[in-house]
Amino acid sequence: MTAELIKPSGMILDVGCGSGISSRAYMNYGRVTGVDISEGMVKRAHERGVTTVIADAEDLPFRNGSFDYVIFSASIFLLPHPEIAMREAMRVISENGCVGGNYPVGFFDGEIDLIKKSGLTHRLVSEREKIEEIVKKVGGDIKKVRFTVPPEFIIDFYSIPSMGKAILRDIEPGKRMITIRKIFSSPKIPEKLDYLWEVFKIDC
């Protein structure tokens, strides 16, 4: 999704690469280095053939201008200080480089937010409005992207531990999946949902 919109090339840094799924996709566009603060995630990305470095997004161990593209693929909203991470990204890109990324907005039935309709709040480490403000402050563009997904997808999405915790923080992990299935298996959930993301691009 991000790659198609920002068209990365050359030396690419995938910040918050996790298990390396996105990094593998970016390898079709250039030479990729993935960084993540989790040693376990970096190990999994390395096993997928990704060049990896254990590093903090807010303190990247690279020289100024080392990369042509820096990408936050579904990671910037998980950072406690995205403004610092953005500053670091801007530091390590080349003169004509680009910073891009994406983050989720939510699941919708038309214009109805299904999470809010269910009486829940998706709490991000850094809220979408804060990220939008950071991107716009440095002259970036933001586009909305919609996908049509079945209701089973929302259950799979919130089966991811960090995502399940984002909406059911006060429920112990062992009981979250039961609650999630109960909420999103309701006949009130439509057969097709709109899954909305925002994708940003900053040319430097």
# chains A, B, ... in the order shown; residues from 1 in each chain; ligands from 1
call {"tool": "residues_around", "arguments": {"residues": "region 110-114 of chain A", "least_positions_apart": "6", "cutoff": "9 Å", "atoms": "only C-alpha atoms", "output": "list in words"}}
result
Leu120, Ile189, Leu193 and Asp194 of chain A
call {"tool": "write_last_selection", "arguments": {"atoms": "N, CA and C atoms", "output": "mmCIF file, in the first residue's frame"}}
result
data_model
loop_
_atom_site.group_PDB
_atom_site.id
_atom_site.type_symbol
_atom_site.label_atom_id
_atom_site.label_comp_id
_atom_site.auth_asym_id
_atom_site.auth_seq_id
_atom_site.Cartn_x
_atom_site.Cartn_y
_atom_site.Cartn_z
ATOM 1 N N LEU A 120 -16.456 1.197 22.093
ATOM 2 C CA LEU A 120 -15.035 1.041 22.377
ATOM 3 C C LEU A 120 -14.249 2.238 21.857
ATOM 4 N N ILE A 189 -23.082 -6.474 12.638
ATOM 5 C CA ILE A 189 -21.894 -6.123 11.860
ATOM 6 C C ILE A 189 -22.183 -6.429 10.397
ATOM 7 N N LEU A 193 -17.037 -4.376 5.236
ATOM 8 C CA LEU A 193 -16.604 -3.209 6.006
ATOM 9 C C LEU A 193 -15.612 -2.392 5.191
ATOM 10 N N ASP A 194 -15.562 -1.109 5.464
ATOM 11 C CA ASP A 194 -14.511 -0.250 4.908
ATOM 12 C C ASP A 194 -13.398 -0.141 5.940
#
call {"tool": "closest_atom_pairs", "arguments": {"of": "region 15-97 of chain A", "to": "region 159-167 of chain A", "cutoff": "12 Å", "atoms": "only C-alpha atoms", "output": "Markdown table"}}
result
| residue | atom | partner | partner_atom | distance |
| --- | --- | --- | --- | --- |
| A:Ala74 | CA | A:Met163 | CA | 11.7 |
| A:Ser75 | CA | A:Ser162 | CA | 11.7 |
| A:Phe77 | CA | A:Met163 | CA | 11.6 |
| A:Leu78 | CA | A:Ser162 | CA | 9.2 |
call {"tool": "write_last_selection", "arguments": {"atoms": "C-alpha atoms", "output": "compact mmCIF listing (two decimals), in the first residue's frame"}}
result
# COMPACT_ATOMS: atom_id res chain seq x y z
CA ALA A 74 2.24 0.79 10.33
CA SER A 75 4.71 1.82 13.01
CA PHE A 77 1.51 5.41 15.74
CA LEU A 78 3.20 2.89 18.05
call {"tool": "closest_residue", "arguments": {"among": "A:Ser23, A:Gly174, A:Cys204, A:Ile180", "to": "Arg91 (chain A)", "atoms": "only C-alpha atoms"}}
result
A:Cys204
call {"tool": "closest_atom_pairs", "arguments": {"of": "region 117-139 of chain A", "to": "region 143-148 of chain A", "cutoff": "12 Å", "atoms": "only C-alpha atoms", "output": "tab-separated table"}}
result
residue	atom	partner	partner_atom	distance
A:Glu132	CA	A:Lys143	CA	10.7
A:Val135	CA	A:Lys143	CA	11.6
A:Lys136	CA	A:Lys143	CA	11.9
call {"tool": "residues_around", "arguments": {"residues": "region 11-21 of chain A", "least_positions_apart": "2", "cutoff": "7 Å", "atoms": "only C-alpha atoms", "output": "list in words"}}
result
Ser9, Ser23, Arg24, Ala25, Gly30, Arg31, Val32, Thr33, Gly34, Val35, Asp36, Met41, Val42, Arg44, Ala45, Arg48, Val50, Ala57, Phe67, Asp68, Tyr69, Val70, Ile71, Phe72 and Ser75 of chain A
call {"tool": "write_last_selection", "arguments": {"atoms": "C-alpha atoms", "output": "PDB file, in the first residue's frame"}}
result
ATOM      1  CA  SER A   9      13.775   3.428  -4.631  1.00  0.00           C
ATOM      2  CA  SER A  23      10.621  -4.873   4.326  1.00  0.00           C
ATOM      3  CA  ARG A  24      10.384  -7.877   2.017  1.00  0.00           C
ATOM      4  CA  ALA A  25       7.856  -6.002  -0.128  1.00  0.00           C
ATOM      5  CA  GLY A  30      15.575  -0.959  -3.712  1.00  0.00           C
ATOM      6  CA  ARG A  31      18.112  -1.968  -1.071  1.00  0.00           C
ATOM      7  CA  VAL A  32      16.325  -2.229   2.292  1.00  0.00           C
ATOM      8  CA  THR A  33      17.512  -1.949   5.870  1.00  0.00           C
ATOM      9  CA  GLY A  34      14.988  -2.725   8.583  1.00  0.00           C
ATOM     10  CA  VAL A  35      15.236  -1.347  12.109  1.00  0.00           C
ATOM     11  CA  ASP A  36      13.234  -2.298  15.172  1.00  0.00           C
ATOM     12  CA  MET A  41      11.249  -8.947  15.730  1.00  0.00           C
ATOM     13  CA  VAL A  42      14.634  -8.145  14.209  1.00  0.00           C
ATOM     14  CA  ARG A  44      12.381 -12.798  12.540  1.00  0.00           C
ATOM     15  CA  ALA A  45      12.981 -10.128   9.873  1.00  0.00           C
ATOM     16  CA  ARG A  48      13.168 -13.466   6.071  1.00  0.00           C
ATOM     17  CA  VAL A  50      16.134  -8.603   5.503  1.00  0.00           C
ATOM     18  CA  ALA A  57      13.365   4.998  15.932  1.00  0.00           C
ATOM     19  CA  PHE A  67      19.010   6.832   2.809  1.00  0.00           C
ATOM     20  CA  ASP A  68      16.869   7.846  -0.146  1.00  0.00           C
ATOM     21  CA  TYR A  69      13.605   6.775   1.515  1.00  0.00           C
ATOM     22  CA  VAL A  70      12.575   6.304   5.120  1.00  0.00           C
ATOM     23  CA  ILE A  71       9.295   4.474   5.651  1.00  0.00           C
ATOM     24  CA  PHE A  72       7.160   4.056   8.783  1.00  0.00           C
ATOM     25  CA  SER A  75       4.712   1.816  13.009  1.00  0.00           C
TER      26      SER A  75
END
call {"tool": "closest_residue", "arguments": {"among": "A:Trp197, A:Tyr103, A:Tyr26, A:Phe108", "to": "Leu124 (chain A)", "atoms": "only C-alpha atoms"}}
result
A:Tyr103
call {"tool": "closest_residue", "arguments": {"among": "A:Ser22, A:Ile37, A:Lys201, A:His46", "to": "Val138 (chain A)", "atoms": "only C-alpha atoms"}}
result
A:Lys201
call {"tool": "select_by_dssp", "arguments": {"residues": "region 46-125 of chain A", "states": "strand (DSSP E)", "output": "short mmCIF file (atom, residue, chain, number, x, y, z; two decimals) with N, CA and C atoms, in the first residue's frame"}}
result
data_model
loop_
_atom_site.label_atom_id
_atom_site.label_comp_id
_atom_site.auth_asym_id
_atom_site.auth_seq_id
_atom_site.Cartn_x
_atom_site.Cartn_y
_atom_site.Cartn_z
N THR A 51 18.11 -7.23 5.73
CA THR A 51 19.24 -6.63 6.46
C THR A 51 18.67 -5.84 7.62
N THR A 52 19.07 -6.16 8.84
CA THR A 52 18.42 -5.58 10.01
C THR A 52 19.39 -4.98 11.01
N VAL A 53 18.86 -4.04 11.78
CA VAL A 53 19.62 -3.39 12.86
C VAL A 53 18.67 -3.21 14.04
N ILE A 54 19.11 -3.57 15.23
CA ILE A 54 18.33 -3.29 16.43
C ILE A 54 18.56 -1.83 16.79
N PHE A 67 20.06 7.55 3.53
CA PHE A 67 19.01 6.83 2.81
C PHE A 67 18.26 7.75 1.85
N ASP A 68 17.70 7.12 0.81
CA ASP A 68 16.87 7.85 -0.15
C ASP A 68 15.41 7.90 0.31
N TYR A 69 14.97 6.84 1.00
CA TYR A 69 13.60 6.77 1.52
C TYR A 69 13.61 6.21 2.93
N VAL A 70 12.82 6.84 3.79
CA VAL A 70 12.57 6.30 5.12
C VAL A 70 11.07 6.05 5.22
N ILE A 71 10.70 4.85 5.62
CA ILE A 71 9.29 4.47 5.65
C ILE A 71 8.89 3.98 7.04
N PHE A 72 7.79 4.53 7.54
CA PHE A 72 7.16 4.06 8.78
C PHE A 72 5.94 3.25 8.36
N SER A 73 6.10 1.96 8.18
CA SER A 73 5.01 1.13 7.71
C SER A 73 4.23 0.57 8.90
N ILE A 93 17.74 11.04 5.71
CA ILE A 93 17.47 10.95 4.28
C ILE A 93 18.36 11.91 3.49
N SER A 94 18.58 11.55 2.23
CA SER A 94 19.41 12.36 1.35
C SER A 94 18.68 13.64 0.94
N GLU A 95 19.39 14.52 0.26
CA GLU A 95 18.85 15.84 -0.08
C GLU A 95 17.55 15.76 -0.85
N ASN A 96 17.43 14.82 -1.76
CA ASN A 96 16.21 14.68 -2.56
C ASN A 96 15.39 13.46 -2.13
N GLY A 97 15.54 13.09 -0.89
CA GLY A 97 14.87 11.90 -0.39
C GLY A 97 13.43 12.13 0.00
N CYS A 98 12.84 11.11 0.60
CA CYS A 98 11.42 11.15 0.94
C CYS A 98 11.17 10.33 2.20
N VAL A 99 10.25 10.82 3.03
CA VAL A 99 9.78 10.09 4.20
C VAL A 99 8.31 9.75 3.97
N GLY A 100 7.95 8.51 4.22
CA GLY A 100 6.56 8.11 4.03
C GLY A 100 6.13 7.13 5.09
N GLY A 101 4.84 6.86 5.12
CA GLY A 101 4.35 5.90 6.10
C GLY A 101 2.84 5.79 6.06
N ASN A 102 2.30 4.96 6.94
CA ASN A 102 0.86 4.80 7.02
C ASN A 102 0.44 4.48 8.44
N TYR A 103 -0.84 4.67 8.71
CA TYR A 103 -1.40 4.38 10.02
C TYR A 103 -2.91 4.19 9.87
N PRO A 104 -3.48 3.33 10.72
CA PRO A 104 -4.91 3.03 10.57
C PRO A 104 -5.81 4.13 11.10
N VAL A 105 -6.95 4.31 10.45
CA VAL A 105 -7.99 5.23 10.92
C VAL A 105 -9.10 4.43 11.59
N GLY A 106 -9.49 3.30 10.97
CA GLY A 106 -10.51 2.47 11.61
C GLY A 106 -11.36 1.70 10.63
N PHE A 107 -12.33 0.99 11.18
CA PHE A 107 -13.28 0.20 10.41
C PHE A 107 -14.61 0.95 10.37
N PHE A 108 -15.19 1.03 9.16
CA PHE A 108 -16.40 1.83 8.98
C PHE A 108 -17.47 1.07 8.20
N ASP A 109 -18.70 1.39 8.55
CA ASP A 109 -19.87 1.00 7.77
C ASP A 109 -20.41 2.29 7.18
N ILE A 112 -20.02 5.40 9.49
CA ILE A 112 -20.17 5.02 10.89
C ILE A 112 -18.93 4.27 11.36
N ASP A 113 -18.28 4.78 12.38
CA ASP A 113 -17.11 4.15 12.97
C ASP A 113 -17.58 2.96 13.81
#
